[in-house]
$ cat coords20.cif   # mmCIF, C-alpha atoms
data_run
#
loop_
_atom_site.label_atom_id
_atom_site.label_comp_id
_atom_site.auth_asym_id
_atom_site.auth_seq_id
_atom_site.Cartn_x
_atom_site.Cartn_y
_atom_site.Cartn_z
CA MET A 234 20.87 221.67 19.57
CA THR A 235 17.31 222.82 20.08
CA LEU A 236 13.96 221.17 20.65
CA ARG A 237 10.61 222.06 19.11
CA LEU A 238 8.10 222.11 21.96
CA PRO A 239 4.33 222.49 21.50
CA ASP A 240 2.37 225.16 23.34
CA THR A 241 -1.26 225.10 24.43
CA GLU A 242 -2.33 226.76 21.16
CA GLY A 243 -0.92 223.92 19.08
CA ARG A 244 2.07 225.92 17.90
CA LEU A 245 5.68 224.71 18.00
CA ARG A 246 8.31 226.89 19.64
CA THR A 247 12.06 226.51 19.79
CA TYR A 248 13.74 225.73 23.10
CA THR A 249 17.45 225.47 23.79
CA PRO A 250 18.08 223.01 26.66
CA ARG A 251 20.28 223.87 29.58
CA ARG A 252 23.71 222.25 29.56
CA THR A 253 24.78 222.50 33.21
CA PRO A 254 22.87 220.79 36.05
CA LEU A 255 22.85 222.05 39.60
CA ALA A 256 25.67 220.58 41.70
CA LEU A 257 23.66 218.82 44.41
CA THR A 258 25.14 216.09 46.54
CA PRO A 259 23.72 213.75 49.22
CA GLY A 260 23.80 215.02 52.77
CA THR A 261 22.79 214.50 56.37
CA PRO A 262 19.26 214.76 57.83
CA PHE A 263 17.88 218.18 58.64
CA THR A 264 17.85 219.91 62.01
CA SER A 265 15.26 222.69 61.72
CA ARG A 266 12.45 220.95 59.83
CA THR A 267 11.06 217.45 59.36
CA VAL A 268 10.69 216.95 55.61
CA PHE A 269 8.97 214.06 53.87
CA ALA A 270 8.89 213.52 50.12
CA ALA A 271 5.82 211.58 49.01
CA ALA A 272 7.31 209.11 46.53
CA HIS A 273 5.91 207.82 43.24
CA VAL A 274 5.97 204.18 42.15
CA VAL A 275 7.62 202.79 39.02
CA ALA A 276 5.38 200.60 36.90
CA ASP A 277 6.60 197.38 35.30
CA PRO A 278 6.40 198.31 31.59
CA TYR A 279 6.54 194.68 30.47
CA ALA A 280 3.63 193.42 32.56
CA ASP A 281 0.62 192.28 30.53
CA VAL A 282 -2.00 194.15 32.55
CA SER A 283 -4.95 196.35 31.67
CA PRO A 284 -5.47 199.84 33.13
CA ASP A 285 -8.02 198.54 35.65
CA ALA A 286 -6.02 195.48 36.70
CA PRO A 287 -3.94 195.34 39.91
CA ALA A 288 -0.74 197.32 39.55
CA ALA A 289 2.46 195.62 38.45
CA LEU A 290 5.49 197.44 39.84
CA ASP A 291 9.17 197.45 38.99
CA TRP A 292 10.32 196.83 42.54
CA ASP A 293 14.02 197.43 41.93
CA ALA A 294 13.45 200.86 40.39
CA THR A 295 10.76 201.78 42.94
CA LEU A 296 13.02 201.03 45.90
CA ALA A 297 16.06 202.62 44.23
CA PHE A 298 14.16 205.89 43.99
CA ARG A 299 13.48 205.78 47.72
CA ARG A 300 17.17 205.25 48.39
CA HIS A 301 17.82 208.34 46.27
CA LEU A 302 15.53 210.41 48.51
CA TRP A 303 17.01 209.03 51.73
CA ALA A 304 20.54 209.71 50.47
CA HIS A 305 19.69 213.42 50.30
CA GLY A 306 18.42 213.43 53.88
CA LEU A 307 14.70 213.39 53.07
CA ALA A 308 12.20 211.17 54.82
CA VAL A 309 9.87 209.12 52.61
CA ALA A 310 6.08 209.22 52.78
CA GLU A 311 5.03 205.89 51.32
CA ALA A 312 1.85 204.54 49.76
CA MET A 313 0.29 208.00 49.56
CA ASP A 314 -1.53 209.87 46.83
CA THR A 315 1.74 210.37 44.92
CA ALA A 316 2.14 206.57 44.70
CA GLN A 317 -1.20 206.52 42.83
CA ARG A 318 -3.02 205.21 45.87
CA GLY A 319 -6.62 204.93 44.76
CA MET A 320 -5.61 205.74 41.17
CA GLY A 321 -4.19 202.41 40.06
CA LEU A 322 -2.48 201.12 43.22
CA ASP A 323 -4.90 199.00 45.25
CA TRP A 324 -4.59 197.99 48.89
CA ALA A 325 -2.91 194.67 48.13
CA GLY A 326 -0.23 196.46 46.12
CA ALA A 327 0.08 199.21 48.72
CA ALA A 328 0.54 196.67 51.52
CA GLU A 329 3.39 195.00 49.63
CA LEU A 330 4.91 198.41 48.89
CA ILE A 331 4.75 199.31 52.58
CA ARG A 332 6.45 196.08 53.64
CA ARG A 333 9.23 196.36 51.08
CA SER A 334 9.89 200.06 51.57
CA ALA A 335 9.88 199.78 55.36
CA ALA A 336 12.43 196.94 55.15
CA GLU A 337 14.56 199.08 52.83
CA ALA A 338 14.32 201.99 55.25
CA ARG A 339 15.63 199.81 58.08
CA ALA A 340 18.48 198.60 55.88
CA VAL A 341 19.71 202.11 55.03
CA GLY A 342 18.65 203.99 58.16
CA GLY A 343 16.01 206.07 56.40
CA ARG A 344 12.88 207.53 57.96
CA ILE A 345 9.55 206.35 56.57
CA ALA A 346 5.87 206.95 57.23
CA CYS A 347 3.13 205.07 55.39
CA GLY A 348 -0.44 205.75 54.41
CA VAL A 349 -3.31 204.07 56.26
CA GLY A 350 -6.71 204.20 54.59
CA THR A 351 -9.79 202.16 53.75
CA ASP A 352 -9.27 201.47 50.05
CA GLN A 353 -9.96 197.74 50.45
CA LEU A 354 -13.62 198.86 50.66
CA HIS A 355 -15.03 199.32 47.17
CA PRO A 356 -18.15 201.25 46.11
CA THR A 357 -21.02 199.65 44.25
CA GLU A 358 -23.49 201.22 41.85
CA ILE A 359 -25.36 202.64 44.84
CA GLY A 360 -22.32 203.90 46.70
CA TYR A 361 -20.48 202.46 49.69
CA PRO A 362 -22.63 199.73 51.33
CA TYR A 363 -20.76 199.86 54.63
CA GLY A 364 -21.31 201.10 58.13
CA LEU A 365 -18.88 202.89 60.41
CA ASP A 366 -17.79 199.62 62.02
CA ALA A 367 -16.64 198.24 58.65
CA ILE A 368 -14.82 201.47 57.85
CA ARG A 369 -13.06 201.47 61.20
CA ALA A 370 -12.12 197.80 60.75
CA ALA A 371 -10.60 198.59 57.35
CA TYR A 372 -8.53 201.36 58.90
CA GLU A 373 -7.46 199.00 61.69
CA GLU A 374 -6.35 196.33 59.20
CA GLN A 375 -4.12 198.81 57.39
CA LEU A 376 -2.83 200.35 60.62
CA ALA A 377 -1.69 196.91 61.73
CA VAL A 378 0.24 196.37 58.49
CA VAL A 379 2.05 199.70 58.84
CA GLU A 380 2.84 199.25 62.51
CA ASP A 381 4.01 195.67 61.98
CA SER A 382 6.39 196.97 59.30
CA GLY A 383 7.98 199.35 61.81
CA ALA A 384 6.88 202.47 59.94
CA GLN A 385 5.06 205.52 61.26
CA ALA A 386 1.38 205.68 60.30
CA ILE A 387 -0.27 208.45 58.31
CA LEU A 388 -4.06 208.30 58.73
CA MET A 389 -5.32 209.29 55.30
CA ALA A 390 -8.75 210.57 54.40
CA SER A 391 -11.24 207.84 53.48
CA ARG A 392 -13.55 207.98 50.49
CA ALA A 393 -15.81 205.46 52.24
CA LEU A 394 -16.02 207.59 55.38
CA ALA A 395 -16.73 210.71 53.33
CA ALA A 396 -19.64 208.87 51.68
CA VAL A 397 -21.08 207.23 54.79
CA ALA A 398 -20.51 209.74 57.62
CA ARG A 399 -23.63 211.63 58.68
CA GLY A 400 -21.81 214.49 60.36
CA PRO A 401 -18.83 215.57 62.47
CA GLU A 402 -19.69 213.13 65.26
CA ASP A 403 -18.94 210.15 62.99
CA TYR A 404 -15.46 211.49 62.22
CA LEU A 405 -14.83 212.11 65.91
CA ASP A 406 -15.88 208.55 66.70
CA VAL A 407 -13.87 206.77 63.97
CA TYR A 408 -10.69 208.80 64.39
CA GLY A 409 -10.95 208.77 68.16
CA ARG A 410 -11.04 204.98 68.29
CA LEU A 411 -8.14 204.69 65.86
CA LEU A 412 -5.97 207.15 67.74
CA ARG A 413 -6.60 205.46 71.07
CA GLN A 414 -5.28 202.16 69.73
CA ALA A 415 -2.35 203.53 67.69
CA ALA A 416 0.94 202.28 69.12
CA GLU A 417 2.83 205.48 68.27
CA PRO A 418 1.86 209.05 67.36
CA VAL A 419 0.49 209.31 63.82
CA VAL A 420 0.16 211.98 61.18
CA LEU A 421 -3.41 213.02 60.38
CA HIS A 422 -3.89 213.85 56.70
CA TRP A 423 -6.53 216.28 55.43
CA LEU A 424 -6.60 215.89 51.65
CA GLY A 425 -8.76 218.44 49.88
CA PRO A 426 -11.22 217.68 47.06
CA MET A 427 -8.92 219.28 44.48
CA PHE A 428 -6.72 216.18 44.96
CA ASP A 429 -9.66 213.76 45.23
CA PRO A 430 -13.20 214.96 44.43
CA ALA A 431 -14.65 212.05 46.45
CA LEU A 432 -13.42 213.78 49.62
CA GLU A 433 -15.71 216.80 49.27
CA GLY A 434 -17.20 217.66 52.66
CA TYR A 435 -14.64 215.79 54.72
CA TRP A 436 -14.84 216.25 58.50
CA GLY A 437 -18.60 216.54 58.13
CA SER A 438 -19.07 219.83 56.32
CA THR A 439 -18.43 221.61 53.04
CA ASP A 440 -17.91 224.75 55.14
CA LEU A 441 -14.14 224.74 55.64
CA ASP A 442 -14.37 226.71 58.88
CA ALA A 443 -16.71 224.09 60.35
CA ALA A 444 -14.56 221.25 58.98
CA THR A 445 -11.48 222.85 60.53
CA ARG A 446 -13.17 222.95 63.94
CA THR A 447 -13.94 219.23 63.76
CA PHE A 448 -10.42 218.43 62.58
CA LEU A 449 -8.93 220.39 65.47
CA ASP A 450 -11.34 218.73 67.90
CA VAL A 451 -9.94 215.33 66.87
CA VAL A 452 -6.38 216.54 67.50
CA ALA A 453 -7.23 218.26 70.79
CA ALA A 454 -8.84 215.10 72.16
CA HIS A 455 -5.70 213.00 71.49
CA PRO A 456 -2.63 215.32 71.36
CA ASP A 457 -0.35 212.57 72.66
CA LYS A 458 -1.27 210.34 69.71
CA VAL A 459 -0.84 212.97 66.97
CA ASP A 460 2.71 213.65 65.80
CA GLY A 461 1.40 216.17 63.32
CA VAL A 462 -1.20 217.09 60.75
CA LYS A 463 -0.70 217.24 56.99
CA ILE A 464 -2.75 219.94 55.32
CA SER A 465 -3.36 219.62 51.56
CA LEU A 466 -5.88 222.37 50.80
CA LEU A 467 -3.71 224.68 48.63
CA ASP A 468 -4.70 227.57 50.90
CA ALA A 469 -1.74 229.19 52.66
CA ARG A 470 -3.86 231.49 54.83
CA ARG A 471 -5.99 228.64 56.14
CA GLU A 472 -2.95 226.48 56.87
CA THR A 473 -1.21 229.31 58.72
CA GLU A 474 -4.29 229.97 60.86
CA LEU A 475 -4.78 226.27 61.56
CA ARG A 476 -1.19 225.61 62.64
CA ARG A 477 -1.43 228.46 65.17
CA ARG A 478 -4.33 226.60 66.80
CA LEU A 479 -2.58 223.25 67.15
CA PRO A 480 -1.70 221.97 70.64
CA ASP A 481 1.91 222.34 71.73
CA GLY A 482 4.07 219.58 70.31
CA VAL A 483 1.82 218.81 67.33
CA ARG A 484 3.54 219.61 64.05
CA CYS A 485 1.96 221.06 60.95
CA TYR A 486 3.23 219.34 57.80
CA THR A 487 2.45 221.42 54.76
CA GLY A 488 1.02 219.55 51.81
CA ASP A 489 0.49 222.81 49.91
CA ASP A 490 2.29 222.41 46.59
CA PHE A 491 1.50 226.03 45.68
CA HIS A 492 2.86 227.91 48.72
CA TYR A 493 5.41 225.61 50.37
CA PRO A 494 8.43 228.01 50.51
CA GLU A 495 6.60 230.63 52.57
CA LEU A 496 4.90 228.03 54.77
CA ILE A 497 8.12 226.14 55.54
CA ALA A 498 10.02 229.40 56.16
CA GLY A 499 7.26 230.47 58.54
CA ASP A 500 6.67 233.71 60.39
CA ASP A 501 7.02 235.14 63.88
CA HIS A 502 4.34 232.75 65.15
CA GLY A 503 5.69 229.49 63.76
CA PHE A 504 6.34 227.44 60.65
CA SER A 505 5.29 224.30 58.81
CA HIS A 506 7.29 221.14 58.36
CA ALA A 507 6.70 219.42 55.01
CA LEU A 508 5.13 216.33 53.46
CA LEU A 509 4.98 217.12 49.77
CA GLY A 510 4.48 215.32 46.48
CA VAL A 511 6.50 217.97 44.65
CA PHE A 512 9.54 217.05 46.73
CA ASP A 513 9.64 213.82 44.69
CA PRO A 514 11.10 215.62 41.61
CA LEU A 515 12.61 218.44 43.68
CA GLY A 516 14.30 216.13 46.22
CA PRO A 517 17.98 217.16 45.95
CA LEU A 518 17.20 220.85 45.44
CA ALA A 519 14.66 220.88 48.28
CA ALA A 520 17.20 219.16 50.54
CA GLU A 521 19.84 221.78 49.74
CA ALA A 522 17.36 224.56 50.51
CA VAL A 523 16.40 223.08 53.88
CA ARG A 524 20.06 222.77 54.86
CA VAL A 525 20.46 226.47 54.11
CA LEU A 526 17.46 227.07 56.37
CA ASP A 527 19.08 224.88 59.04
CA ALA A 528 21.92 227.40 59.07
CA GLY A 529 19.45 230.20 59.79
CA ASP A 530 19.54 231.68 56.30
CA VAL A 531 15.88 232.23 55.47
CA LYS A 532 16.72 234.52 52.54
CA GLY A 533 19.00 231.88 50.99
CA PHE A 534 16.32 229.23 51.52
CA ARG A 535 13.75 231.32 49.66
CA GLU A 536 16.21 232.13 46.87
CA LEU A 537 16.69 228.42 46.25
CA LEU A 538 13.09 227.25 46.64
CA ASP A 539 10.96 230.14 45.37
CA PRO A 540 11.95 229.58 41.71
CA THR A 541 10.59 226.00 41.93
CA VAL A 542 7.03 227.16 42.60
CA GLN A 543 6.29 227.82 38.91
CA LEU A 544 7.09 224.18 38.11
CA SER A 545 5.06 222.93 41.06
CA ARG A 546 2.03 225.01 40.16
CA HIS A 547 2.27 223.69 36.63
CA LEU A 548 2.47 220.05 37.74
CA PHE A 549 -0.44 220.50 40.15
CA ARG A 550 -2.71 222.55 37.90
CA THR A 551 -6.30 221.36 37.56
CA PRO A 552 -7.28 218.56 37.40
CA THR A 553 -4.80 218.41 40.29
CA ARG A 554 -5.16 214.66 40.84
CA PHE A 555 -3.22 214.04 37.61
CA TYR A 556 -0.06 215.70 38.91
CA LYS A 557 1.54 212.24 39.17
CA THR A 558 1.96 212.16 35.37
CA GLY A 559 4.35 215.10 35.43
CA VAL A 560 6.17 213.69 38.45
CA VAL A 561 6.85 210.40 36.67
CA LEU A 562 7.85 212.18 33.46
CA LEU A 563 10.52 214.10 35.37
CA ALA A 564 11.74 210.92 37.08
CA TRP A 565 12.22 209.33 33.66
CA LEU A 566 13.95 212.39 32.22
CA ALA A 567 16.22 212.55 35.27
CA GLY A 568 17.28 208.93 34.81
CA HIS A 569 15.57 207.40 37.84
CA GLN A 570 13.69 204.95 35.62
CA GLU A 571 14.08 203.65 32.11
CA HIS A 572 10.60 204.35 30.75
CA PHE A 573 7.61 206.67 30.94
CA ALA A 574 4.93 204.07 31.67
CA MET A 575 2.62 204.45 34.66
CA VAL A 576 0.29 202.31 36.70
CA GLY A 577 -3.16 202.44 35.12
CA GLY A 578 -1.80 203.98 31.93
CA LEU A 579 -1.80 207.43 33.54
CA GLN A 580 1.10 208.58 31.37
CA SER A 581 -1.72 209.67 29.05
CA ALA A 582 -3.44 211.81 31.70
CA ARG A 583 -1.64 215.03 30.66
CA SER A 584 -1.31 216.61 27.24
CA LEU A 585 1.93 216.87 25.29
CA PRO A 586 2.05 220.68 25.76
CA HIS A 587 1.73 220.14 29.53
CA LEU A 588 4.59 217.62 29.53
CA ALA A 589 6.73 219.84 27.32
CA THR A 590 6.33 222.76 29.70
CA ALA A 591 7.17 220.53 32.68
CA TYR A 592 10.39 219.52 30.93
CA GLU A 593 11.29 223.12 30.10
CA LEU A 594 10.68 224.38 33.64
CA ALA A 595 12.57 221.50 35.27
CA ASP A 596 15.46 221.90 32.84
CA GLY A 597 15.60 225.62 33.56
CA LEU A 598 15.98 224.82 37.26
CA GLY A 599 18.89 222.47 36.54
CA LEU A 600 17.05 219.46 37.99
CA PHE A 601 18.35 216.90 35.50
CA PRO A 602 21.68 215.33 36.55
CA ASP A 603 22.40 214.57 32.89
CA PRO A 604 20.81 217.30 30.72
CA GLU A 605 21.80 215.57 27.49
CA ARG A 606 20.03 212.36 28.52
CA ALA A 607 16.95 214.37 29.47
CA GLU A 608 17.03 216.14 26.10
CA THR A 609 17.37 212.86 24.23
CA ARG A 610 14.47 211.31 26.10
CA MET A 611 12.28 214.36 25.59
CA ARG A 612 13.11 214.29 21.90
CA THR A 613 12.02 210.63 21.80
CA LEU A 614 8.71 211.49 23.43
CA LEU A 615 8.13 214.35 21.00
CA THR A 616 8.83 212.04 18.06
CA LEU A 617 6.30 209.50 19.35
CA TYR A 618 3.70 212.27 19.32
CA GLY A 619 4.60 213.14 15.72
CA VAL A 620 6.77 216.22 16.34
CA SER A 621 9.53 216.13 13.74
CA PRO A 622 13.07 217.33 14.66
#
$ encode --input "coords20.cif" --output "structure tokens"
Amino acid sequence: MTLRLPDTEGRLRTYTPRRTPLALTPGTPFTSRTVFAAAHVVADPYADVSPDAPAALDWDATLAFRRHLWAHGLAVAEAMDTAQRGMGLDWAGAAELIRRSAAEARAVGGRIACGVGTDQLHPTEIGYPYGLDAIRAAYEEQLAVVEDSGAQAILMASRALAAVARGPEDYLDVYGRLLRQAAEPVVLHWLGPMFDPALEGYWGSTDLDAATRTFLDVVAAHPDKVDGVKISLLDARRETELRRRLPDGVRCYTGDDFHYPELIAGDDHGFSHALLGVFDPLGPLAAEAVRVLDAGDVKGFRELLDPTVQLSRHLFRTPTRFYKTGVVLLAWLAGHQEHFAMVGGLQSARSLPHLATAYELADGLGLFPDPERAETRMRTLLTLYGVSP
């Protein structure tokens, strides 16, 4: 059978779905790279909530998806941007997610790191009415929750700090105090404005060279408290140059969903580890590729992972912050959840042609364990949009 998929010009084209999925099985943790998949959350489709109300999650399905990632040897990055942090998932919901996921990680022996931010601080009509002390206290509250759960902390970028900071010295002060009190080494996350426009000018400058200097100054002042840095700027050259300037022992975790194969493979001067949102839908395939890399086969690694870049670039196309819609669509089509509803109603954040292309690219990669189920579900979605068989 075939499907009629819409293109960006409003025309319908015929697509014949793939019939054979990739044969990908669970496996052991990796040896050559540390690889985190930033995981999405599954909304409760029956909850009577409005788009701006606190998120209602399907906890069973949310935790089952994390077990799926752990089973393939991936670590889980929890309560991050992919989990709609700041786009439907508030701090109260994130704190509960952290506690539950960390407990699940202990139960199955999975690795987990969790996002620490300041999203309990809310802007008013005149902006963020807070000083640096309040911002630091918000970070400290969240750091305590993550550390008490037994998870590693990821210090995320703060919208409040971006709005209030007067220059690089404020970032050095806030992050310096946090790192000094962190119980264990953390991951520092630099999220670019393409993922969150409110983070424009982070580290005290819109000049990325100046911002990079401040970022590296924070790391250099506390190398014993920084496990690694996650770079999400979608700029492979800048990430490569930055990782060469990191102190010995500090990892670079790529968050570049456009260039991850080349950055993870590395060059004669080093390589990046990974903390990626696209490894949510690519989990089993990404795991297989990293195991090939563990065996020293860089060519085989690239042959497996390079073909996924077209799908990733599509999911993360501008406005990049809405990439979660495609991620959740693919989770539904793959059978990891029983519906295509999202926190905050963000299932409507991408067009039908965008979703149709995501399905076609993922199907072409063999990502769906049951291609017939994926086809049936895609056909249902097309019918809801008025596309006749």
$ resolve_selection --input "coords20.cif" --expression "the PyMOL selection byres ((chain A and resi 531) around 12)" --output "VMD selection string"
chain A and resid 265 494 to 500 504 522 to 530 532 to 539
$ residues_near_point --input "coords20.cif" --point "(-16.4, 209.3, 55.8)" --cutoff "10 Å" --atoms "all atoms listed in the file" --output "list in words"
Thr351, Gly364, Leu365, Ile368, Ala390, Ser391, Arg392, Ala393, Leu394, Ala395, Ala396, Val397, Ala398, Arg399, Gly400, Pro401, Asp403, Tyr404, Val407, Ala431, Leu432, Glu433, Gly434, Tyr435, Trp436 and Gly437 of chain A
$ resolve_selection --input "coords20.cif" --expression "the PyMOL selection byres ((chain A and resi 305) around 8)" --output "list in words"
Thr258, Pro259, Gly260, Thr261, Pro262, His301, Leu302, Trp303, Ala304, Gly306, Leu307, Gly516, Pro517 and Ala520 of chain A
$ atom_distance --input "coords20.cif" --atom1 "CA of Arg369 in chain A" --atom2 "CA of Pro418 in chain A"
17.8 Å
$ residues_near_point --input "coords20.cif" --point "(-6.8, 223.8, 48.9)" --cutoff "9 Å" --atoms "all atoms listed in the file" --output "number ranges by chain"
A: 424-428, 464-469, 471, 489
$ closest_atom_pairs --input "coords20.cif" --of "range 447-542 of chain A" --to "range 596-618 of chain A" --cutoff "9 Å" --atoms "all atoms listed in the file" --output "tab-separated table"
residue	atom	partner	partner_atom	distance
A:Pro514	CA	A:Leu600	CA	8.0
A:Leu515	CA	A:Leu600	CA	7.3
A:Pro517	CA	A:Leu600	CA	8.3
A:Leu518	CA	A:Leu600	CA	7.6
A:Pro540	CA	A:Leu598	CA	7.7
A:Thr541	CA	A:Leu598	CA	7.2
$ closest_residue --input "coords20.cif" --among "A:Leu594, A:Leu475, A:Ala567, A:Cys347" --to "His502 in chain A" --atoms "all atoms listed in the file"
A:Leu475
$ resolve_selection --input "coords20.cif" --expression "the PyMOL selection byres ((chain A and resi 322) around 10)" --output "tab-separated table (two decimals) with C-alpha atoms, in the coordinates of the input"
chain	number	residue	atom	x	y	z
A	274	VAL	CA	5.97	204.18	42.15
A	285	ASP	CA	-8.02	198.54	35.65
A	286	ALA	CA	-6.02	195.48	36.70
A	287	PRO	CA	-3.94	195.34	39.91
A	288	ALA	CA	-0.74	197.32	39.55
A	289	ALA	CA	2.46	195.62	38.45
A	290	LEU	CA	5.49	197.44	39.84
A	312	ALA	CA	1.85	204.54	49.76
A	313	MET	CA	0.29	208.00	49.56
A	314	ASP	CA	-1.53	209.87	46.83
A	316	ALA	CA	2.14	206.57	44.70
A	317	GLN	CA	-1.20	206.52	42.83
A	318	ARG	CA	-3.02	205.21	45.87
A	319	GLY	CA	-6.62	204.93	44.76
A	320	MET	CA	-5.61	205.74	41.17
A	321	GLY	CA	-4.19	202.41	40.06
A	323	ASP	CA	-4.90	199.00	45.25
A	324	TRP	CA	-4.59	197.99	48.89
A	325	ALA	CA	-2.91	194.67	48.13
A	326	GLY	CA	-0.23	196.46	46.12
A	327	ALA	CA	0.08	199.21	48.72
A	328	ALA	CA	0.54	196.67	51.52
A	330	LEU	CA	4.91	198.41	48.89
A	352	ASP	CA	-9.27	201.47	50.05
A	576	VAL	CA	0.29	202.31	36.70
A	577	GLY	CA	-3.16	202.44	35.12
$ atom_distance --input "coords20.cif" --atom1 "CA of Asp513 in chain A" --atom2 "CA of Arg554 in chain A"
15.3 Å
$ closest_residue --input "coords20.cif" --among "A:Ala297, A:Ala308, A:Leu257, A:Leu238" --to "Glu593 in chain A" --atoms "all atoms listed in the file"
A:Leu238
$ atom_distance --input "coords20.cif" --atom1 "CA of Thr315 in chain A" --atom2 "CA of His273 in chain A"
5.2 Å
$ closest_residue --input "coords20.cif" --among "A:Thr295, A:Val379, A:Leu544, A:Phe573" --to "Tyr592 in chain A" --atoms "all atoms listed in the file"
A:Leu544
$ residues_around --input "coords20.cif" --residues "Gly503 in chain A" --least-positions-apart "5" --cutoff "9 Å" --atoms "only C-alpha atoms" --output "ChimeraX atom specification"
/A:473,476-477,498
$ closest_residue --input "coords20.cif" --among "A:Trp565, A:Pro250, A:Glu474, A:Asp440" --to "Arg237 in chain A" --atoms "only C-alpha atoms"
A:Pro250
$ residues_around --input "coords20.cif" --residues "range 455-462 of chain A" --least-positions-apart "4" --cutoff "10 Å" --atoms "only C-alpha atoms" --output "VMD selection string"
chain A and resid 385 to 388 408 to 409 411 to 423 448 to 451 475 to 476 479 to 488 505 to 506 508
